[in-house]
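Undergrad: Below is the file target06.txt, which contains compact mmCIF, C-alpha atoms.
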# COMPACT_ATOMS: atom_id res chain seq x y z
CA MET A 227 0.00 0.00 0.00
CA SER A 228 1.37 3.39 -0.97
CA LEU A 229 1.77 6.16 1.57
CA ILE A 230 -1.01 8.19 -0.08
CA GLN A 231 -3.39 5.21 0.02
CA GLU A 232 -2.59 4.71 3.68
CA ILE A 233 -3.40 8.37 4.44
CA ALA A 234 -6.64 8.09 2.42
CA ASP A 235 -7.63 4.99 4.43
CA ARG A 236 -6.96 6.71 7.73
CA LEU A 237 -8.89 9.79 6.69
CA ARG A 238 -11.80 7.64 5.52
CA SER A 239 -11.95 5.77 8.81
CA THR A 240 -11.70 9.07 10.74
CA ARG A 241 -14.47 10.65 8.66
CA ASP A 242 -16.77 7.62 8.92
CA GLY A 243 -16.03 7.27 12.64
CA LEU A 244 -17.28 10.75 13.51
CA PRO A 245 -20.15 10.33 16.03
CA LEU A 246 -22.83 11.98 13.88
CA ALA A 247 -25.35 9.18 14.47
CA GLU A 248 -24.83 9.33 18.27
CA VAL A 249 -25.25 13.11 18.29
CA THR A 250 -28.47 13.06 16.23
CA GLY A 251 -29.78 10.15 18.33
CA ALA A 252 -29.10 12.10 21.54
CA ALA A 253 -30.77 15.19 20.04
CA ALA A 254 -33.91 13.13 19.32
CA ARG A 255 -33.88 11.91 22.92
CA LEU A 256 -33.61 15.47 24.25
CA ARG A 257 -36.44 16.60 21.98
CA THR A 258 -38.64 13.86 23.46
CA ALA A 259 -37.74 15.21 26.93
CA GLN A 260 -38.55 18.70 25.66
CA TRP A 261 -41.94 17.45 24.51
CA LEU A 262 -42.70 16.02 27.97
CA LEU A 263 -41.60 19.25 29.64
CA ALA A 264 -43.71 21.28 27.21
CA GLY A 265 -46.71 19.37 28.55
CA VAL A 266 -45.69 20.30 32.10
CA MET A 267 -45.21 23.92 31.03
CA HIS A 268 -48.69 23.91 29.52
CA GLU A 269 -50.11 23.02 32.94
CA SER A 270 -47.83 25.25 35.00
CA SER A 271 -48.32 28.86 36.01
CA ARG A 272 -44.57 29.25 36.73
CA LEU A 273 -43.09 28.89 33.26
CA ASP A 274 -39.59 30.02 34.29
CA ALA A 275 -39.34 27.29 36.94
CA VAL A 276 -39.93 24.40 34.52
CA PRO A 277 -36.61 22.94 33.31
CA ASP A 278 -35.76 23.66 29.70
CA VAL A 279 -33.72 21.26 27.58
CA GLY A 280 -34.27 23.14 24.31
CA LEU A 281 -30.90 24.85 24.70
CA ALA A 282 -29.13 21.50 25.13
CA ALA A 283 -30.88 20.07 22.06
CA GLY A 284 -29.86 23.16 20.09
CA ARG A 285 -26.21 22.60 21.10
CA LEU A 286 -26.43 19.09 19.69
CA ASP A 287 -27.82 20.45 16.41
CA HIS A 288 -24.80 22.79 16.24
CA ALA A 289 -22.44 19.91 17.07
CA ALA A 290 -23.96 17.81 14.26
CA ALA A 291 -23.52 20.73 11.83
CA ALA A 292 -19.85 21.09 12.90
CA LEU A 293 -19.28 17.35 12.36
CA ARG A 294 -20.74 17.60 8.84
CA MET A 295 -18.43 20.55 8.17
CA ALA A 296 -15.48 18.45 9.33
CA GLN A 297 -16.55 15.67 6.94
CA ASP A 298 -16.76 18.19 4.07
CA ALA A 299 -13.30 19.55 4.93
CA ILE A 300 -11.79 16.03 5.03
CA ASP A 301 -13.38 15.26 1.63
CA ALA A 302 -12.05 18.56 0.23
CA TYR A 303 -8.52 17.76 1.49
CA CYS A 304 -8.62 14.31 -0.11
CA HIS A 305 -9.83 15.74 -3.42
CA ALA A 306 -7.10 18.40 -3.31
CA LEU A 307 -4.52 15.63 -2.97
CA GLY A 308 -6.17 13.54 -5.70
CA MET A 309 -7.22 10.78 -3.29
CA ALA A 310 -10.63 9.12 -3.68
CA ILE A 311 -12.07 8.10 -0.32
CA GLY A 312 -15.54 7.06 -1.43
CA GLY A 313 -19.05 8.01 -0.37
CA ARG A 314 -20.20 8.62 3.18
CA PRO A 315 -22.22 6.15 5.20
CA ALA A 316 -25.96 6.87 5.46
CA GLU A 317 -26.82 9.22 8.32
CA VAL A 318 -29.15 7.28 10.61
CA PRO A 319 -29.68 8.43 14.22
CA ALA A 320 -28.15 5.88 16.60
CA ALA A 321 -30.47 3.83 18.77
CA ILE A 322 -29.90 4.82 22.40
CA PRO A 323 -30.39 2.13 25.03
CA VAL A 324 -33.62 2.87 26.89
CA GLN A 325 -33.63 2.79 30.69
CA HIS A 326 -36.72 1.74 32.62
CA SER A 327 -39.24 4.54 32.17
CA THR A 328 -42.41 5.47 34.06
CA HIS A 329 -43.87 6.85 30.80
CA THR A 330 -43.67 4.39 27.96
CA GLY A 331 -43.00 5.51 24.40
CA ALA A 332 -46.58 4.54 23.52
CA GLN A 333 -47.96 6.93 26.16
CA LEU A 334 -45.88 9.77 24.76
CA HIS A 335 -46.98 8.95 21.26
CA ASP A 336 -50.60 8.89 22.39
CA ARG A 337 -50.46 12.44 23.77
CA TRP A 338 -49.01 13.60 20.47
CA SER A 339 -51.61 11.62 18.48
CA GLN A 340 -54.47 12.96 20.58
CA ARG A 341 -53.60 16.58 19.82
CA VAL A 342 -53.05 15.78 16.12
CA ALA A 343 -56.46 14.08 16.12
CA PHE A 344 -58.04 17.17 17.68
CA LEU A 345 -56.51 19.38 14.97
CA THR A 346 -57.34 17.16 12.00
CA GLY A 347 -60.69 15.82 13.15
CA PHE A 348 -59.65 12.21 12.55
CA LEU A 349 -59.56 9.62 15.31
CA ALA A 350 -56.18 9.19 17.02
CA ALA A 351 -56.31 5.46 16.22
CA GLU A 352 -56.64 6.13 12.47
CA ARG A 353 -53.01 5.46 11.63
CA GLY A 354 -51.75 3.97 8.43
CA ASP A 355 -55.16 3.59 6.79
CA MET A 356 -54.65 5.48 3.58
CA THR A 357 -57.62 4.05 1.73
CA GLY A 358 -60.13 6.73 0.96
CA SER A 359 -57.54 9.47 0.92
CA LYS A 360 -58.56 11.41 -2.14
CA SER A 361 -55.11 11.97 -3.62
CA ALA A 362 -53.30 8.95 -2.25
CA ALA A 363 -53.66 6.83 -5.36
CA GLY A 364 -50.87 7.34 -7.84
CA SER A 365 -49.41 10.26 -5.97
CA LYS A 366 -45.66 10.29 -5.50
CA SER A 367 -45.93 12.20 -2.24
CA ALA A 368 -48.56 9.87 -0.87
CA ALA A 369 -46.40 6.89 -1.72
CA GLY A 370 -43.65 8.45 0.33
CA SER A 371 -45.99 8.93 3.27
CA SER A 372 -46.76 5.23 3.66
CA SER A 373 -43.78 4.84 6.01
CA PRO A 374 -43.18 7.20 8.96
CA ALA A 375 -40.88 10.17 8.31
CA SER A 376 -37.48 9.54 9.91
CA SER A 377 -36.46 13.21 9.97
CA SER A 378 -38.21 16.51 10.47
CA SER A 379 -37.23 17.65 6.95
CA THR A 380 -38.90 14.58 5.41
CA LEU A 381 -41.96 15.14 7.58
CA LEU A 382 -42.09 18.78 6.45
CA ALA A 383 -42.10 17.66 2.80
CA LEU A 384 -44.93 15.18 3.50
CA CYS A 385 -47.00 17.75 5.42
CA VAL A 386 -46.48 20.44 2.76
CA ALA A 387 -47.56 18.08 -0.03
CA ALA A 388 -50.64 16.99 1.92
CA SER A 389 -51.55 20.59 2.83
CA LEU A 390 -51.24 21.84 -0.74
CA ASP A 391 -53.50 18.96 -1.84
CA ARG A 392 -55.83 19.85 1.08
CA ASP A 393 -55.60 16.19 2.05
CA VAL A 394 -56.22 16.34 5.80
CA LYS A 395 -56.18 12.57 6.20
CA ARG A 396 -52.70 12.34 4.68
CA LEU A 397 -51.54 15.17 6.91
CA HIS A 398 -53.02 13.37 9.93
CA HIS A 399 -51.26 10.15 8.96
CA ALA A 400 -47.88 11.84 8.40
CA LEU A 401 -47.96 13.67 11.75
CA THR A 402 -49.28 10.73 13.76
CA ALA A 403 -46.84 8.23 12.27
CA ALA A 404 -43.83 10.53 12.78
CA GLY A 405 -44.38 10.90 16.54
CA PRO A 406 -43.31 13.70 18.88
CA ALA A 407 -39.50 13.52 18.54
CA VAL A 408 -39.58 14.01 14.74
CA GLY A 409 -42.75 16.13 14.74
CA LEU A 410 -41.50 18.75 17.18
CA GLY A 411 -38.52 19.30 14.89
CA LEU A 412 -40.92 20.94 12.38
CA SER A 413 -40.79 24.10 14.49
CA ALA A 414 -37.00 24.10 14.07
CA VAL A 415 -36.70 23.31 10.33
CA ALA A 416 -39.52 25.58 9.08
CA PRO A 417 -38.52 29.12 10.24
CA PRO A 418 -35.46 29.56 7.94
CA LEU A 419 -37.61 28.44 4.98
CA LEU A 420 -40.43 30.77 6.02
CA HIS A 421 -37.98 33.66 6.22
CA HIS A 422 -36.64 32.83 2.75
CA LEU A 423 -40.11 32.41 1.20
CA ALA A 424 -41.43 35.59 2.83
CA GLY A 425 -38.38 37.42 1.45
CA GLU A 426 -39.15 36.08 -2.02
CA LEU A 427 -42.75 37.24 -1.66
CA VAL A 428 -41.97 40.82 -0.65
CA GLY A 429 -38.76 41.14 -2.67
CA HIS A 430 -36.40 41.78 0.24
CA PRO A 431 -35.69 40.28 3.69
CA PRO A 432 -39.07 40.50 5.52
CA ARG A 433 -39.46 43.45 7.92
CA LEU A 434 -42.07 44.68 10.33
CA GLU A 435 -43.86 46.67 7.62
CA ASP A 436 -44.28 43.45 5.57
CA LEU A 437 -46.13 41.69 8.41
CA ALA A 438 -49.64 42.48 7.10
CA ARG A 439 -48.85 41.24 3.58
CA VAL A 440 -47.14 38.04 4.76
CA ARG A 441 -50.04 37.33 7.18
CA ARG A 442 -52.63 37.92 4.46
CA THR A 443 -50.84 35.54 2.11
CA ALA A 444 -49.77 32.77 4.47
CA LEU A 445 -52.62 32.41 6.95
CA PRO A 446 -55.61 31.40 4.73
CA ILE A 447 -54.25 27.86 4.22
CA LEU A 448 -54.60 27.18 7.95
CA ALA A 449 -58.36 27.72 7.85
CA GLU A 450 -58.62 25.69 4.63
CA VAL A 451 -56.73 22.63 5.92
CA LEU A 452 -56.95 22.68 9.74
CA PRO A 453 -59.85 24.90 10.83
CA ALA A 454 -59.49 23.62 14.42
CA LEU A 455 -55.92 24.92 14.71
CA PRO A 456 -55.88 27.95 17.07
CA GLY A 457 -54.54 31.02 15.28
CA ASP A 458 -52.10 32.09 18.02
CA ALA A 459 -49.32 29.68 17.01
CA ALA A 460 -49.31 30.78 13.35
CA GLU A 461 -49.56 34.48 14.25
CA GLU A 462 -46.55 34.13 16.53
CA ILE A 463 -44.45 32.35 13.87
CA ILE A 464 -45.30 34.94 11.19
CA ALA A 465 -44.50 37.78 13.59
CA ARG A 466 -41.08 36.28 14.31
CA VAL A 467 -40.39 35.86 10.56
CA CYS A 468 -41.06 39.60 10.13
CA HIS A 469 -39.06 40.51 13.25
CA ALA A 470 -42.20 41.80 14.96
CA GLN A 471 -43.08 41.40 18.63
CA PRO A 472 -45.53 38.45 18.80
CA GLN A 473 -48.86 39.52 20.36
CA ARG A 474 -50.40 36.77 22.47
CA ARG A 475 -54.13 36.85 23.01
CA THR A 476 -53.89 34.50 26.01
CA ALA A 477 -51.30 34.28 28.80
CA GLN A 478 -50.75 30.59 28.04
CA ALA A 479 -48.07 29.55 25.53
CA ALA A 480 -49.31 27.89 22.32
CA HIS A 481 -49.47 24.08 22.37
CA PRO A 482 -46.24 22.58 20.95
CA VAL A 483 -48.18 20.39 18.48
CA ASP A 484 -50.02 23.50 17.24
CA ILE A 485 -46.70 25.28 16.65
CA ALA A 486 -45.29 22.27 14.74
CA ALA A 487 -48.42 21.89 12.57
CA ALA A 488 -48.71 25.64 11.95
CA SER A 489 -45.03 25.79 10.88
CA ALA A 490 -45.60 23.15 8.18
CA LEU A 491 -48.83 24.74 6.97
CA LEU A 492 -47.27 28.19 6.75
CA VAL A 493 -44.45 26.80 4.58
CA ALA A 494 -47.17 25.35 2.32
CA GLY A 495 -49.01 28.69 2.28
CA LEU A 496 -45.94 30.69 1.32
CA LEU A 497 -44.89 28.11 -1.30
CA ARG A 498 -48.34 28.47 -2.89
CA ALA A 499 -48.11 32.27 -2.74
CA ASN A 500 -44.78 32.13 -4.56
CA LYS A 501 -46.31 29.83 -7.25
CA TYR A 502 -44.28 26.80 -6.17
CA THR A 503 -45.59 23.25 -5.97
CA ALA A 504 -44.80 20.67 -3.27
CA ASP A 505 -42.16 19.14 -5.55
CA ASP A 506 -40.30 22.48 -5.58
CA LEU A 507 -39.67 22.31 -1.81
CA SER A 508 -36.24 20.67 -2.12
CA LYS A 509 -35.25 23.38 -4.65
CA VAL A 510 -36.36 26.07 -2.20
CA VAL A 511 -34.40 24.36 0.62
CA ASP A 512 -31.26 24.46 -1.58
CA GLN A 513 -31.88 28.12 -2.47
CA GLN A 514 -32.33 29.01 1.20
CA ARG A 515 -29.11 27.16 2.12
CA ASP A 516 -27.11 28.83 -0.66
CA ALA A 517 -28.59 32.31 -0.11
CA PRO A 518 -25.91 33.53 2.37
CA ILE A 519 -23.09 32.39 0.02
CA GLU A 520 -24.71 34.13 -2.97
CA GLU A 521 -25.24 37.27 -0.91
CA GLU A 522 -21.56 37.22 0.04
CA HIS A 523 -20.59 36.87 -3.65
CA ARG A 524 -22.84 39.79 -4.57
CA ALA A 525 -21.31 41.90 -1.79
CA GLN A 526 -17.82 41.05 -3.06
CA GLU A 527 -18.84 41.96 -6.63
CA ARG A 528 -20.30 45.26 -5.43
CA ALA A 529 -17.14 46.03 -3.44
CA LYS A 530 -15.02 45.20 -6.52
CA SER A 531 -16.96 47.55 -8.79
CA HIS A 532 -16.81 50.29 -6.17
CA ARG A 533 -13.04 49.84 -5.88
CA ALA A 534 -12.78 50.07 -9.68
CA ALA A 535 -14.73 53.31 -9.51
CA LEU A 536 -12.07 54.71 -7.17
CA ARG A 537 -9.71 54.84 -10.15
CA ILE A 538 -12.05 57.32 -11.89
CA THR A 539 -10.60 60.80 -12.03
CA ASP A 540 -13.99 62.54 -11.67
CA ASN A 541 -13.99 63.59 -7.99
CA ALA A 542 -17.79 63.53 -7.56
CA ARG A 543 -18.12 59.92 -8.82
CA ARG A 544 -15.06 58.94 -6.81
CA ARG A 545 -16.57 60.35 -3.61
CA SER A 546 -19.81 58.47 -4.31
CA ALA A 547 -17.88 55.19 -4.76
CA VAL A 548 -16.02 55.74 -1.47
CA ASP A 549 -19.36 56.27 0.28
CA GLN A 550 -20.83 53.12 -1.22
CA LEU A 551 -17.73 51.06 -0.41
CA ARG A 552 -17.83 52.02 3.27
CA PRO A 553 -20.79 49.80 4.31
CA ALA A 554 -19.60 46.97 2.05
CA ALA A 555 -16.16 47.01 3.68
CA GLN A 556 -17.58 46.88 7.23
CA MET B 1427 -55.95 19.66 34.73
CA ALA B 1428 -53.10 17.23 35.55
CA SER B 1429 -52.53 16.12 39.12
CA VAL B 1430 -49.24 16.78 40.97
CA ALA B 1431 -48.41 13.09 40.67
CA GLU B 1432 -48.86 13.25 36.88
CA VAL B 1433 -46.67 16.36 36.60
CA LYS B 1434 -43.97 14.70 38.72
CA ALA B 1435 -44.16 11.55 36.58
CA ALA B 1436 -43.83 13.60 33.39
CA ILE B 1437 -40.76 15.43 34.76
CA ASP B 1438 -39.22 12.13 35.92
CA ALA B 1439 -39.76 10.63 32.47
CA ALA B 1440 -38.29 13.72 30.79
CA MET B 1441 -35.21 13.57 33.02
CA LEU B 1442 -34.76 9.90 32.20
CA HIS B 1443 -34.62 10.85 28.52
CA VAL B 1444 -32.16 13.62 29.38
CA GLN B 1445 -29.93 11.14 31.24
CA GLU B 1446 -30.02 8.74 28.29
CA GLY B 1447 -29.12 11.66 26.04
CA GLN B 1448 -26.22 12.52 28.37
CA LEU B 1449 -24.86 8.97 28.07
CA ALA B 1450 -25.00 9.23 24.27
CA VAL B 1451 -23.29 12.64 24.34
CA ARG B 1452 -20.49 11.31 26.59
CA SER B 1453 -19.96 8.38 24.23
CA ALA B 1454 -19.95 10.78 21.25
CA ASN B 1455 -17.41 12.94 23.07
CA GLU B 1456 -15.05 9.98 23.48
CA GLN B 1457 -15.40 9.05 19.80
CA LEU B 1458 -14.78 12.65 18.84
CA GLY B 1459 -11.59 12.73 20.93
CA GLU B 1460 -10.34 9.62 19.12
CA ALA B 1461 -11.24 11.17 15.74
CA GLN B 1462 -9.31 14.34 16.61
CA LEU B 1463 -6.27 12.25 17.56
CA ASN B 1464 -6.50 10.11 14.40
CA LEU B 1465 -6.81 13.20 12.21
CA ALA B 1466 -3.85 14.87 13.90
CA THR B 1467 -1.71 11.74 13.36
CA ALA B 1468 -2.78 11.24 9.73
CA ILE B 1469 -2.17 14.79 8.57
CA ASP B 1470 0.63 15.77 10.92
CA GLY B 1471 2.62 18.62 9.38
CA SER B 1472 0.01 19.68 6.79
CA GLY B 1473 -0.82 23.37 6.64
CA HIS B 1474 -3.62 22.86 4.10
CA GLN B 1475 -6.64 25.11 4.55
CA SER B 1476 -9.08 22.14 4.54
CA VAL B 1477 -7.08 20.42 7.29
CA GLN B 1478 -7.30 23.52 9.46
CA ALA B 1479 -11.03 23.76 8.70
CA ALA B 1480 -11.57 20.11 9.69
CA GLN B 1481 -9.66 20.55 12.95
CA ALA B 1482 -11.54 23.75 13.76
CA ALA B 1483 -14.91 22.07 13.04
CA LEU B 1484 -14.03 19.12 15.32
CA ALA B 1485 -12.97 21.50 18.10
CA GLN B 1486 -16.26 23.37 17.64
CA ALA B 1487 -18.23 20.10 17.84
CA ALA B 1488 -16.37 19.14 21.05
CA SER B 1489 -17.17 22.52 22.57
CA GLU B 1490 -20.88 22.19 21.61
CA LEU B 1491 -21.05 18.73 23.20
CA GLN B 1492 -19.54 20.14 26.38
CA GLU B 1493 -22.04 23.01 26.40
CA CYS B 1494 -24.86 20.52 25.85
CA LEU B 1495 -23.74 18.45 28.84
CA THR B 1496 -23.60 21.58 31.02
CA ALA B 1497 -27.11 22.59 29.87
CA THR B 1498 -28.49 19.13 30.68
CA LEU B 1499 -26.94 19.25 34.17
CA VAL B 1500 -28.60 22.62 34.76
CA ALA B 1501 -31.93 21.20 33.52
CA ILE B 1502 -31.67 18.25 35.92
CA ASP B 1503 -30.93 20.63 38.83
CA GLN B 1504 -33.90 22.78 37.81
CA ALA B 1505 -36.12 19.70 37.63
CA GLU B 1506 -35.13 18.61 41.15
CA THR B 1507 -35.84 22.11 42.50
CA TYR B 1508 -39.18 22.29 40.70
CA ILE B 1509 -40.29 18.86 41.94
CA ALA B 1510 -39.36 19.87 45.49
CA THR B 1511 -41.70 22.87 45.28
CA LEU B 1512 -44.72 20.89 44.01
Represent the supplied structure as structure tokens.
TA:
Amino acid sequence: MSLIQEIADRLRSTRDGLPLAEVTGAAARLRTAQWLLAGVMHESSRLDAVPDVGLAAGRLDHAAAALRMAQDAIDAYCHALGMAIGGRPAEVPAAIPVQHSTHTGAQLHDRWSQRVAFLTGFLAAERGDMTGSKSAAGSKSAAGSSSPASSSSTLLALCVAASLDRDVKRLHHALTAAGPAVGLGLSAVAPPLLHHLAGELVGHPPRLEDLARVRRTALPILAEVLPALPGDAAEEIIARVCHAQPQRRTAQAAHPVDIAAASALLVAGLLRANKYTADDLSKVVDQQRDAPIEEEHRAQERAKSHRAALRITDNARRRSAVDQLRPAAQ
Amino acid sequence: MASVAEVKAAIDAAMLHVQEGQLAVRSANEQLGEAQLNLATAIDGSGHQSVQAAQAALAQAASELQECLTATLVAIDQAETYIATL
């Protein structure tokens, strides 16, 4: 074995040995704890006294992102040296050994299912029965919904497709089958997309003055698909997207299932407003991910043209270029 | 309206999940330490930009795992205090 091959082998085993599965598995476990505590918070009058594990789960999301960056950097190094180290293993959250619990997983799932059932109007027990769903037959999205979503992003795609088809039964099935750990993640994966889609709608990053327009465009789908969903959750999400102070009508925080469902429906509403279909969601996700890089390129281009303008002998134009370069250089 | 016993049971169950998460994070931390060592040995002496980026990302991940553990310890303390006041 050549020296280069040996280095490639070691880098491959290092990259594949990074504990991404353990970190995502632990994050799922913390989100389940968060779900249980959200129930306690819903009953409690002392919200600040209830323990919060959302911060810890967020740290794990950041750790997973850093591990993926490390994998990308190792791949880039190998490519720079002309070494092929092969594809990455599939990213599946690790199974964490379960200790003896007073609440079984089924009980947790039932509380989630009960609230989903309240929102959709279907019985909590109606899982998996897709017969009678008006757009299930022959639909690519419906075919994908026959097995439970393993990640919040997959669940978002299923919910968006079902909402745009106004297929409440499919939406009910997707949410119920996914369970609380995956379902609660909807409130984490949707906001960046909502911000991006709202920006596309108004033509610039959404601001406070765009709140009325974004509300008018995004909210109708909630009444069309889930009329039982209280409006507070969606109002709060939209307000945050537009950097406005959310106005709560009641002192009690919105139910976590309501926030998760509203997040998915609002993505569907803004996709529809921007003339996208459910199949365009992955394209929008890519656009949203690449947006900061493209913005940086545009800023660099602007700075370059302003620097070129500095070589102009006309003093007035030169002064204007210096002024424009100042914010770009900061 | 849930009873005090139900609230306590829910917090106990949540903390059990947190403890299981802690175990997974500790195991991930050990694996990450090994990965950092392996990477340092494999690319010892390289000043390539990607190598520096990989090492920085692993250090960032280690720091996030540590912060996560601290946050879970605080949550468990908070839970004990809250249960004591019920």
Undergrad: Within 10 Å of segment 1495-1503 of chain B, counting all atoms listed in the file, which residues show up once you throw out same-chain ones fewer than 3 positions away? Write them as an NGL selection string, please.
TA: (:A and (256 or 276-283 or 285-286)) or (:B and (1437-1438 or 1440-1442 or 1444-1445 or 1447-1449 or 1451-1452 or 1489-1492 or 1506-1508))
Undergrad: Within 9 Å of Ala1479 of chain B, counting all atoms listed in the file, which residues show up once you throw out same-chain ones fewer than 6 positions away? Write them as a short mmCIF file (atom, residue, chain, number, x, y, z; two decimals) with C-alpha atoms, in the frame of the given file, please.
TA:
data_model
loop_
_atom_site.label_atom_id
_atom_site.label_comp_id
_atom_site.auth_asym_id
_atom_site.auth_seq_id
_atom_site.Cartn_x
_atom_site.Cartn_y
_atom_site.Cartn_z
CA MET A 295 -18.43 20.55 8.17
CA ALA A 296 -15.48 18.45 9.33
CA ALA A 299 -13.30 19.55 4.93
CA ILE A 300 -11.79 16.03 5.03
#
Undergrad: At what distance in Å, to one decimal, does atom CA of Thr240 of chain A lie from atom CA of Thr1467 of chain B?
TA: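 Straight-line distance from atom CA of Thr1467 of chain B to atom CA of Thr240 of chain A works out to 10.7 Å.
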Undergrad: Find the residue from A:Ala459, A:Leu419, A:Ala291, A:Ala407 that sits nearest to Gly251 of chain A; use only C-alpha atoms when measuring.
TA: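 Checking each candidate against Gly251 of chain A, we get A:Ala407 as the closest.
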Undergrad: Hey, which of B:Ala1431, B:Ala1510, B:Ala1466, B:Leu1458 ends up closest to chain A? Count all atoms listed in the file.
TA: B:Leu1458
Undergrad: List the neighbours of Leu423 of chain A out to 12 Å using all atoms listed in the file; skip same-chain residues closer than 4 positions along the sequence, and give me the result as JSON, numbers by chain.
TA: {"A": [416, 417, 418, 419, 427, 428, 429, 430, 431, 432, 440, 443, 444, 464, 467, 468, 492, 493, 494, 495, 496, 497, 498, 499, 500, 501, 502, 507, 509, 510, 511, 513, 514, 517]}
Undergrad: For Ala486 of chain A, please output as a list of chain:residue names all residues within 8 Å (counting only C-alpha atoms; exclusion window: fewer than 3 positions along the same chain).
TA: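 Here the qualifying residues turn out to be A:Gly409, A:Leu410, A:Gly411, A:Leu412, A:Ser413, A:Pro482, A:Val483, A:Ser489, A:Ala490.
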Undergrad: Where atoms are missing, can you supply N, CA and C atoms for segment 1476-1495 of chain B and output the lot as a PDB file, in the frame of the given file?
TA:
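As written to disk, out-v8.pdb reads:
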ATOM      1  N   SER B1476      -7.998  23.086   4.214  1.00  0.00           N
ATOM      2  CA  SER B1476      -9.080  22.140   4.540  1.00  0.00           C
ATOM      3  C   SER B1476      -8.775  21.400   5.836  1.00  0.00           C
ATOM      4  N   VAL B1477      -7.480  21.123   6.064  1.00  0.00           N
ATOM      5  CA  VAL B1477      -7.080  20.420   7.290  1.00  0.00           C
ATOM      6  C   VAL B1477      -7.386  21.305   8.498  1.00  0.00           C
ATOM      7  N   GLN B1478      -7.029  22.575   8.355  1.00  0.00           N
ATOM      8  CA  GLN B1478      -7.300  23.520   9.460  1.00  0.00           C
ATOM      9  C   GLN B1478      -8.805  23.644   9.696  1.00  0.00           C
ATOM     10  N   ALA B1479      -9.563  23.655   8.578  1.00  0.00           N
ATOM     11  CA  ALA B1479     -11.030  23.760   8.700  1.00  0.00           C
ATOM     12  C   ALA B1479     -11.593  22.535   9.404  1.00  0.00           C
ATOM     13  N   ALA B1480     -11.083  21.348   9.058  1.00  0.00           N
ATOM     14  CA  ALA B1480     -11.570  20.110   9.690  1.00  0.00           C
ATOM     15  C   ALA B1480     -11.273  20.123  11.180  1.00  0.00           C
ATOM     16  N   GLN B1481     -10.030  20.529  11.530  1.00  0.00           N
ATOM     17  CA  GLN B1481      -9.660  20.550  12.950  1.00  0.00           C
ATOM     18  C   GLN B1481     -10.503  21.568  13.727  1.00  0.00           C
ATOM     19  N   ALA B1482     -10.730  22.724  13.102  1.00  0.00           N
ATOM     20  CA  ALA B1482     -11.540  23.750  13.760  1.00  0.00           C
ATOM     21  C   ALA B1482     -12.973  23.260  13.966  1.00  0.00           C
ATOM     22  N   ALA B1483     -13.525  22.569  12.943  1.00  0.00           N
ATOM     23  CA  ALA B1483     -14.910  22.070  13.040  1.00  0.00           C
ATOM     24  C   ALA B1483     -15.010  21.013  14.153  1.00  0.00           C
ATOM     25  N   LEU B1484     -13.987  20.150  14.263  1.00  0.00           N
ATOM     26  CA  LEU B1484     -14.030  19.120  15.320  1.00  0.00           C
ATOM     27  C   LEU B1484     -13.932  19.769  16.703  1.00  0.00           C
ATOM     28  N   ALA B1485     -13.089  20.797  16.815  1.00  0.00           N
ATOM     29  CA  ALA B1485     -12.970  21.500  18.100  1.00  0.00           C
ATOM     30  C   ALA B1485     -14.293  22.167  18.454  1.00  0.00           C
ATOM     31  N   GLN B1486     -14.960  22.737  17.424  1.00  0.00           N
ATOM     32  CA  GLN B1486     -16.260  23.370  17.640  1.00  0.00           C
ATOM     33  C   GLN B1486     -17.295  22.341  18.111  1.00  0.00           C
ATOM     34  N   ALA B1487     -17.275  21.160  17.454  1.00  0.00           N
ATOM     35  CA  ALA B1487     -18.230  20.100  17.840  1.00  0.00           C
ATOM     36  C   ALA B1487     -17.976  19.681  19.290  1.00  0.00           C
ATOM     37  N   ALA B1488     -16.703  19.552  19.668  1.00  0.00           N
ATOM     38  CA  ALA B1488     -16.370  19.140  21.050  1.00  0.00           C
ATOM     39  C   ALA B1488     -16.892  20.177  22.042  1.00  0.00           C
ATOM     40  N   SER B1489     -16.718  21.450  21.679  1.00  0.00           N
ATOM     41  CA  SER B1489     -17.170  22.520  22.570  1.00  0.00           C
ATOM     42  C   SER B1489     -18.707  22.505  22.699  1.00  0.00           C
ATOM     43  N   GLU B1490     -19.414  22.255  21.578  1.00  0.00           N
ATOM     44  CA  GLU B1490     -20.880  22.190  21.610  1.00  0.00           C
ATOM     45  C   GLU B1490     -21.360  21.035  22.486  1.00  0.00           C
ATOM     46  N   LEU B1491     -20.656  19.882  22.385  1.00  0.00           N
ATOM     47  CA  LEU B1491     -21.050  18.730  23.200  1.00  0.00           C
ATOM     48  C   LEU B1491     -20.884  19.052  24.682  1.00  0.00           C
ATOM     49  N   GLN B1492     -19.790  19.756  24.990  1.00  0.00           N
ATOM     50  CA  GLN B1492     -19.540  20.140  26.380  1.00  0.00           C
ATOM     51  C   GLN B1492     -20.627  21.085  26.888  1.00  0.00           C
ATOM     52  N   GLU B1493     -20.985  22.055  26.037  1.00  0.00           N
ATOM     53  CA  GLU B1493     -22.040  23.010  26.400  1.00  0.00           C
ATOM     54  C   GLU B1493     -23.378  22.287  26.592  1.00  0.00           C
ATOM     55  N   CYS B1494     -23.613  21.289  25.756  1.00  0.00           N
ATOM     56  CA  CYS B1494     -24.860  20.520  25.850  1.00  0.00           C
ATOM     57  C   CYS B1494     -24.910  19.799  27.202  1.00  0.00           C
ATOM     58  N   LEU B1495     -23.784  19.159  27.563  1.00  0.00           N
ATOM     59  CA  LEU B1495     -23.740  18.450  28.840  1.00  0.00           C
ATOM     60  C   LEU B1495     -24.012  19.403  30.004  1.00  0.00           C
TER      61      LEU B1495
END
